[in-house]
>>> print(open('run_32.txt').read())   # compact mmCIF, C-alpha atoms
# COMPACT_ATOMS: atom_id res chain seq x y z
CA MET A 1 11.55 -16.84 -6.26
CA ASP A 2 10.42 -18.30 -9.56
CA THR A 3 8.50 -16.66 -12.42
CA LEU A 4 5.07 -17.90 -11.31
CA GLN A 5 5.62 -16.58 -7.78
CA ALA A 6 6.75 -13.23 -9.19
CA ILE A 7 3.59 -12.97 -11.33
CA VAL A 8 1.30 -13.89 -8.42
CA LEU A 9 2.95 -11.32 -6.13
CA ALA A 10 2.73 -8.66 -8.86
CA VAL A 11 -0.97 -9.35 -9.42
CA ILE A 12 -1.54 -9.01 -5.66
CA GLU A 13 0.44 -5.75 -5.60
CA GLY A 14 -1.49 -4.31 -8.54
CA LEU A 15 -4.86 -5.30 -7.09
CA THR A 16 -4.25 -4.14 -3.53
CA GLU A 17 -1.91 -1.13 -3.67
CA PHE A 18 -4.66 1.43 -4.19
CA LEU A 19 -7.43 -0.42 -2.38
CA PRO A 20 -7.81 0.02 1.42
CA VAL A 21 -6.85 -3.59 2.14
CA SER A 22 -3.05 -3.31 2.57
CA SER A 23 -0.83 -4.41 -0.29
CA THR A 24 2.12 -4.97 2.07
CA GLY A 25 0.01 -7.20 4.28
CA HIS A 26 -1.15 -9.29 1.34
CA MET A 27 2.38 -9.54 -0.04
CA ILE A 28 3.67 -10.76 3.34
CA ILE A 29 0.91 -13.35 3.56
CA ALA A 30 1.51 -14.57 -0.02
CA SER A 31 5.31 -14.68 0.28
CA SER A 32 4.98 -16.50 3.62
CA PHE A 33 2.72 -19.03 1.91
CA PHE A 34 5.38 -19.51 -0.78
CA GLY A 35 8.06 -19.83 1.94
CA ILE A 36 10.11 -16.91 0.56
CA ALA A 37 9.12 -14.09 2.95
CA GLY A 38 12.54 -13.97 4.63
CA ASP A 39 14.49 -13.92 1.36
CA ASP A 40 16.40 -10.69 0.68
CA PHE A 41 15.38 -10.57 -2.97
CA THR A 42 11.71 -11.04 -2.06
CA LYS A 43 11.87 -8.00 0.23
CA LEU A 44 13.49 -5.97 -2.56
CA PHE A 45 11.02 -7.29 -5.16
CA THR A 46 7.94 -6.27 -3.14
CA ILE A 47 9.25 -2.71 -2.95
CA VAL A 48 10.64 -2.26 -6.47
CA ILE A 49 7.54 -3.53 -8.31
CA GLN A 50 5.67 -0.60 -6.78
CA LEU A 51 7.23 1.44 -9.61
CA GLY A 52 4.87 -0.31 -12.03
CA THR A 53 1.82 0.59 -9.96
CA ILE A 54 3.07 4.20 -9.69
CA MET A 55 3.13 4.42 -13.49
CA SER A 56 -0.50 3.35 -13.63
CA VAL A 57 -1.43 6.54 -11.71
CA VAL A 58 0.69 8.67 -14.06
CA VAL A 59 -1.00 7.17 -17.12
CA LEU A 60 -4.57 7.38 -15.78
CA TYR A 61 -4.22 10.93 -14.44
CA PHE A 62 -1.72 12.23 -16.98
CA LYS A 63 -3.48 15.56 -17.58
CA ARG A 64 -3.72 16.24 -13.84
CA PHE A 65 0.06 16.30 -13.61
CA PHE A 66 0.09 19.58 -15.52
CA GLN A 67 -1.69 21.41 -12.74
CA SER A 68 -0.20 24.43 -10.94
CA LEU A 69 2.96 24.21 -8.85
CA ASP A 70 0.70 24.55 -5.84
CA PHE A 71 -0.46 20.96 -6.45
CA TYR A 72 3.11 19.64 -6.22
CA TYR A 73 3.88 21.70 -3.13
CA LYS A 74 0.90 20.13 -1.37
CA LEU A 75 2.05 16.66 -2.39
CA PHE A 76 5.49 17.48 -1.00
CA VAL A 77 4.00 18.66 2.31
CA ALA A 78 1.94 15.45 2.57
CA PHE A 79 5.04 13.39 1.75
CA LEU A 80 7.26 14.90 4.47
CA PRO A 81 5.92 12.95 7.50
CA ALA A 82 6.67 9.65 5.73
CA VAL A 83 10.24 10.80 5.03
CA PHE A 84 11.03 11.67 8.63
CA LEU A 85 9.21 8.80 10.32
CA GLY A 86 10.37 6.32 7.68
CA LEU A 87 14.01 7.16 8.30
CA LEU A 88 13.52 7.27 12.07
CA LEU A 89 11.67 3.94 12.32
CA SER A 90 13.29 2.06 9.42
CA ASP A 91 14.74 -0.81 11.46
CA PHE A 92 11.55 -1.24 13.50
CA ILE A 93 9.44 -1.33 10.34
CA ASP A 94 11.73 -3.97 8.78
CA SER A 95 11.34 -6.12 11.90
CA LEU A 96 7.57 -6.24 11.34
CA LEU A 97 7.68 -7.17 7.67
CA GLU A 98 7.87 -10.95 8.21
CA ASN A 99 5.19 -11.17 10.90
CA PRO A 100 1.79 -12.41 9.67
CA ILE A 101 0.28 -11.88 13.14
CA THR A 102 0.93 -8.14 12.92
CA VAL A 103 -0.69 -8.14 9.49
CA ALA A 104 -3.74 -10.10 10.67
CA VAL A 105 -4.41 -7.88 13.68
CA SER A 106 -3.97 -4.71 11.57
CA LEU A 107 -6.34 -6.08 8.93
CA ILE A 108 -9.04 -6.77 11.53
CA ILE A 109 -8.74 -3.41 13.32
CA GLY A 110 -8.67 -1.56 9.99
CA GLY A 111 -11.69 -3.56 8.87
CA PHE A 112 -13.81 -2.39 11.78
CA ILE A 113 -12.71 1.20 11.10
CA LEU A 114 -13.78 0.93 7.44
CA LEU A 115 -17.18 -0.40 8.51
CA LYS A 116 -17.78 2.84 10.40
CA VAL A 117 -15.86 5.45 8.39
CA ASP A 118 -18.80 6.32 6.12
CA ASP A 119 -20.99 6.88 9.20
CA TRP A 120 -18.31 8.99 10.89
CA PHE A 121 -17.42 11.27 8.00
CA GLY A 122 -19.94 10.65 5.21
CA ASP A 123 -19.11 11.77 1.67
CA GLY A 124 -17.70 15.25 2.32
CA GLU A 125 -18.23 18.24 0.09
CA GLN A 126 -14.71 19.70 0.15
CA THR A 127 -12.88 19.43 -3.17
CA GLU A 128 -9.97 21.78 -2.44
CA ILE A 129 -7.01 20.54 -0.38
CA SER A 130 -5.25 23.07 1.84
CA TYR A 131 -1.63 22.75 2.98
CA LEU A 132 -2.77 21.88 6.50
CA THR A 133 -5.09 19.18 5.16
CA ALA A 134 -2.24 17.79 3.04
CA LEU A 135 0.00 17.62 6.11
CA LYS A 136 -2.67 15.85 8.16
CA ILE A 137 -3.19 13.31 5.37
CA GLY A 138 0.57 12.75 5.35
CA PHE A 139 0.52 11.87 9.05
CA PHE A 140 -2.41 9.52 8.53
CA GLN A 141 -0.42 7.82 5.76
CA CYS A 142 2.37 7.07 8.24
CA LEU A 143 0.06 4.66 10.06
CA ALA A 144 0.61 2.34 7.09
CA MET A 145 4.20 1.79 8.22
CA ILE A 146 2.58 -0.91 10.34
CA PRO A 147 2.09 -3.86 7.94
CA GLY A 148 -1.57 -4.54 7.32
CA VAL A 149 -2.81 -1.00 7.91
CA SER A 150 -2.99 0.06 4.21
CA ARG A 151 -1.35 3.20 2.90
CA SER A 152 -4.27 4.08 0.65
CA GLY A 153 -6.82 3.30 3.36
CA ALA A 154 -5.07 5.43 5.98
CA SER A 155 -4.60 8.41 3.67
CA ILE A 156 -8.16 8.22 2.29
CA VAL A 157 -9.61 8.11 5.81
CA GLY A 158 -7.31 11.02 6.66
CA GLY A 159 -8.74 13.01 3.77
CA MET A 160 -12.31 12.16 4.67
CA SER A 161 -11.67 13.27 8.26
CA GLN A 162 -10.93 16.70 6.75
CA LYS A 163 -14.33 16.77 4.99
CA LEU A 164 -12.99 15.78 1.56
CA SER A 165 -15.28 13.73 -0.65
CA ARG A 166 -14.43 10.04 -0.97
CA THR A 167 -13.35 10.50 -4.60
CA VAL A 168 -11.12 13.54 -3.93
CA ALA A 169 -9.56 11.82 -0.89
CA ALA A 170 -8.91 8.65 -2.92
CA GLU A 171 -7.37 10.49 -5.87
CA PHE A 172 -5.09 12.53 -3.61
CA SER A 173 -4.04 9.24 -2.00
CA PHE A 174 -3.13 7.92 -5.46
CA PHE A 175 -1.02 11.00 -6.23
CA LEU A 176 0.64 10.83 -2.80
CA ALA A 177 1.64 7.23 -3.55
CA ILE A 178 4.04 8.42 -6.25
CA PRO A 179 6.64 10.26 -4.11
CA THR A 180 6.07 7.91 -1.16
CA MET A 181 6.59 4.68 -3.09
CA LEU A 182 9.32 6.13 -5.26
CA GLY A 183 11.19 7.25 -2.13
CA ALA A 184 10.77 3.82 -0.52
CA THR A 185 12.04 2.11 -3.68
CA VAL A 186 15.13 4.32 -3.95
CA LYS A 187 15.96 3.93 -0.24
CA LYS A 188 15.50 0.16 -0.18
CA SER A 189 17.52 -0.27 -3.39
CA TYR A 190 20.32 1.88 -1.96
CA ASP A 191 20.31 -0.11 1.29
CA TYR A 192 20.74 -3.34 -0.62
CA TYR A 193 23.50 -1.81 -2.75
CA GLU A 194 25.32 -0.61 0.38
CA ALA A 195 25.04 -4.08 1.89
CA GLY A 196 26.74 -5.56 -1.18
CA PHE A 197 23.60 -7.36 -2.35
CA GLN A 198 24.04 -8.71 -5.88
CA ILE A 199 21.15 -9.09 -8.34
CA SER A 200 21.41 -11.78 -11.00
CA SER A 201 20.18 -11.37 -14.58
CA GLU A 202 17.35 -13.78 -13.78
CA GLN A 203 16.27 -11.59 -10.87
CA VAL A 204 16.36 -8.50 -13.09
CA ASN A 205 13.94 -10.30 -15.43
CA LEU A 206 11.66 -11.06 -12.47
CA LEU A 207 11.66 -7.37 -11.52
CA ILE A 208 10.73 -6.40 -15.08
CA ILE A 209 7.92 -8.97 -15.17
CA GLY A 210 6.69 -7.82 -11.77
CA ASN A 211 6.55 -4.17 -12.79
CA VAL A 212 4.73 -4.85 -16.07
CA VAL A 213 2.14 -7.12 -14.44
CA GLY A 214 1.67 -4.72 -11.52
CA PHE A 215 1.17 -1.80 -13.94
CA VAL A 216 -1.54 -3.52 -16.00
CA VAL A 217 -3.43 -4.88 -12.98
CA ALA A 218 -3.25 -1.54 -11.13
CA LEU A 219 -4.76 0.29 -14.15
CA ILE A 220 -7.83 -1.91 -13.92
CA ALA A 221 -7.98 -1.81 -10.12
CA ILE A 222 -7.86 2.00 -9.83
CA LYS A 223 -10.64 2.60 -12.36
CA SER A 224 -12.85 -0.07 -10.78
CA PHE A 225 -12.17 1.19 -7.24
CA ILE A 226 -13.05 4.83 -7.94
CA ASN A 227 -16.23 3.72 -9.69
CA TYR A 228 -17.28 1.50 -6.80
CA LEU A 229 -16.21 3.87 -4.02
CA SER A 230 -18.21 6.84 -5.30
CA LYS A 231 -21.39 4.75 -5.26
CA HIS A 232 -21.04 2.30 -2.37
CA GLY A 233 -18.42 3.43 0.15
CA PHE A 234 -16.07 1.27 2.24
CA LYS A 235 -18.14 -1.41 3.97
CA ILE A 236 -17.26 -4.25 1.59
CA PHE A 237 -13.54 -3.57 2.15
CA GLY A 238 -14.11 -3.58 5.91
CA TYR A 239 -15.78 -6.99 5.80
CA TYR A 240 -13.07 -8.31 3.52
CA ARG A 241 -10.31 -7.14 5.87
CA ILE A 242 -11.95 -8.74 8.90
CA ILE A 243 -12.47 -12.07 7.12
CA ALA A 244 -8.91 -12.01 5.75
CA GLY A 245 -7.39 -11.14 9.14
CA VAL A 246 -9.32 -13.82 11.02
CA SER A 247 -8.43 -16.38 8.33
CA VAL A 248 -4.72 -15.57 8.65
CA LEU A 249 -4.87 -15.96 12.44
CA LEU A 250 -6.70 -19.30 12.20
CA ILE A 251 -4.30 -20.66 9.59
CA HIS A 252 -1.27 -19.44 11.54
CA PHE A 253 -2.35 -21.04 14.81
CA PHE A 254 -3.47 -24.22 13.03
CA ILE A 255 -0.01 -24.56 11.48
CA GLN A 256 1.55 -23.89 14.88
CA GLU A 257 -0.52 -26.68 16.41
CA LEU A 258 0.53 -29.09 13.67
CA THR A 259 4.18 -28.16 14.25
CA VAL A 260 3.85 -28.89 17.97
CA ILE A 261 2.18 -32.25 17.25
>>> encode(input="run_32.txt", output="structure tokens")
Amino acid sequence: MDTLQAIVLAVIEGLTEFLPVSSTGHMIIASSFFGIAGDDFTKLFTIVIQLGTIMSVVVLYFKRFFQSLDFYYKLFVAFLPAVFLGLLLSDFIDSLLENPITVAVSLIIGGFILLKVDDWFGDGEQTEISYLTALKIGFFQCLAMIPGVSRSGASIVGGMSQKLSRTVAAEFSFFLAIPTMLGATVKKSYDYYEAGFQISSEQVNLLIIGNVVGFVVALIAIKSFINYLSKHGFKIFGYYRIIAGVSVLLIHFFIQELTVI
């Protein structure tokens, strides 16, 4: 991975992490395009630069982090399903991370769901999140272990299914990203350490660049997304996902045909 590739991947991460379009899916597609998807450092990079996007949530919602302990307990409850299923399915999840077909199919299916989600649930009136609602959102989030599903999309839809407003569901999804992504970063970093993976000084610089770029881009993306979502809903993201998924399939099979020829 070179500096330009690191910047491009970080921009993609910052733009897509909190939008319902799947940051992991887009990162897999981009790294596959660069020919670095199977590289160990690329896999570590795509996880570790999530720390930068996490910090964007902390900065934007700084005052909200001084809420009651009840708020943190609910986040913890919502986080638990990802802990257990993540540890249980870790190897299976890793096996999917280099497969653009899985991403494409997930993008298309998720796109059709987003086209209908506003009709199914509307913009709910609930603004308070119960412990049971938090747990249900946590299980919805686990669907994003399949590349292309979208962590934010799954958890927002989960919140809307419990009658939360789009804005409340989206903001809770942002908060839930912090323990989820932090946990994934710590686990993946530990796995690489245990495997004896060495990081060069150049790679450390790439991680720093990736986190800074991801942080700045995510700040802009979150504010724009909340603004748009409260007024217009999810349809545009549904159409985007379908177009992106179909495009990936067409490109993949076109390249396969060229390889055969």
>>> residues_around(input="run_32.txt", residues="region 151-168 of chain A", least_positions_apart="2", cutoff="6 Å", atoms="all atoms listed in the file", output="list in words")
Phe18, Pro20, Asp123, Gly124, Glu125, Gln126, Thr127, Ile137, Phe140, Gln141, Ala144, Ala170, Glu171 and Ser173 of chain A
>>> closest_residue(input="run_32.txt", among="A:Phe33, A:Ser150, A:Ile28, A:Phe174", to="Arg64 (chain A)", atoms="all atoms listed in the file")
A:Phe174
>>> closest_residue(input="run_32.txt", among="A:Leu143, A:Ala30, A:Val213, A:Ala221", to="Val248 (chain A)", atoms="all atoms listed in the file")
A:Ala30
>>> axis_aligned_box(input="run_32.txt", around="region 133-147 of chain A", padding_each_side="3 Å", output="JSON")
{"center_x": -0.4, "center_y": 7.7, "center_z": 6.7, "size_x": 15.3, "size_y": 29.0, "size_z": 13.3}
>>> atom_distance(input="run_32.txt", atom1="CA of Tyr73 (chain A)", atom2="CA of Ala134 (chain A)")
9.5 Å
>>> atom_distance(input="run_32.txt", atom1="CA of Pro147 (chain A)", atom2="CA of Gly110 (chain A)")
11.2 Å
>>> residues_around(input="run_32.txt", residues="Leu219 (chain A)", least_positions_apart="3", cutoff="12 Å", atoms="only C-alpha atoms", output="number ranges by chain")
A: 11, 13-18, 52-61, 174, 212-216, 222-226
>>> closest_atom_pairs(input="run_32.txt", of="region 43-105 of chain A", to="region 111-114 of chain A", cutoff="12 Å", atoms="only C-alpha atoms", output="JSON lines")
{"residue": "A:Val103", "atom": "CA", "partner": "A:Gly111", "partner_atom": "CA", "distance": 11.9}
{"residue": "A:Ala104", "atom": "CA", "partner": "A:Gly111", "partner_atom": "CA", "distance": 10.5}
{"residue": "A:Val105", "atom": "CA", "partner": "A:Gly111", "partner_atom": "CA", "distance": 9.7}
>>> atom_distance(input="run_32.txt", atom1="CA of Leu182 (chain A)", atom2="CA of Gly35 (chain A)")
27.0 Å
>>> build_atoms(input="run_32.txt", residues="region 27-45 of chain A", atoms="N, CA and C atoms", output="tab-separated table (two decimals), keeping the file's coordinate frame")
chain	number	residue	atom	x	y	z
A	27	MET	N	1.11	-9.04	0.49
A	27	MET	CA	2.38	-9.54	-0.04
A	27	MET	C	3.11	-10.40	0.99
A	28	ILE	N	3.04	-9.98	2.27
A	28	ILE	CA	3.67	-10.76	3.34
A	28	ILE	C	2.99	-12.11	3.47
A	29	ILE	N	1.66	-12.10	3.44
A	29	ILE	CA	0.91	-13.35	3.56
A	29	ILE	C	1.25	-14.28	2.39
A	30	ALA	N	1.24	-13.74	1.17
A	30	ALA	CA	1.51	-14.57	-0.02
A	30	ALA	C	2.94	-15.10	-0.03
A	31	SER	N	3.91	-14.23	0.28
A	31	SER	CA	5.31	-14.68	0.28
A	31	SER	C	5.57	-15.67	1.40
A	32	SER	N	4.86	-15.52	2.53
A	32	SER	CA	4.98	-16.50	3.62
A	32	SER	C	4.42	-17.84	3.18
A	33	PHE	N	3.31	-17.80	2.44
A	33	PHE	CA	2.72	-19.03	1.91
A	33	PHE	C	3.70	-19.74	0.96
A	34	PHE	N	4.40	-18.95	0.15
A	34	PHE	CA	5.38	-19.51	-0.78
A	34	PHE	C	6.67	-19.94	-0.07
A	35	GLY	N	6.85	-19.50	1.19
A	35	GLY	CA	8.06	-19.83	1.94
A	35	GLY	C	9.25	-18.98	1.55
A	36	ILE	N	9.00	-17.77	1.01
A	36	ILE	CA	10.11	-16.91	0.56
A	36	ILE	C	10.09	-15.54	1.24
A	37	ALA	N	9.28	-15.40	2.31
A	37	ALA	CA	9.12	-14.09	2.95
A	37	ALA	C	10.43	-13.54	3.51
A	38	GLY	N	11.30	-14.42	4.01
A	38	GLY	CA	12.54	-13.97	4.63
A	38	GLY	C	13.68	-13.74	3.65
A	39	ASP	N	13.44	-14.05	2.38
A	39	ASP	CA	14.49	-13.92	1.36
A	39	ASP	C	14.76	-12.45	1.04
A	40	ASP	N	16.03	-12.08	0.94
A	40	ASP	CA	16.40	-10.69	0.68
A	40	ASP	C	15.83	-10.18	-0.64
A	41	PHE	N	15.89	-11.02	-1.67
A	41	PHE	CA	15.38	-10.57	-2.97
A	41	PHE	C	13.87	-10.37	-2.93
A	42	THR	N	13.16	-11.20	-2.18
A	42	THR	CA	11.71	-11.04	-2.06
A	42	THR	C	11.37	-9.69	-1.46
A	43	LYS	N	12.11	-9.30	-0.42
A	43	LYS	CA	11.87	-8.00	0.23
A	43	LYS	C	12.13	-6.86	-0.75
A	44	LEU	N	13.20	-6.98	-1.55
A	44	LEU	CA	13.49	-5.97	-2.56
A	44	LEU	C	12.42	-5.97	-3.65
A	45	PHE	N	12.02	-7.14	-4.09
A	45	PHE	CA	11.02	-7.29	-5.16
A	45	PHE	C	9.71	-6.61	-4.79
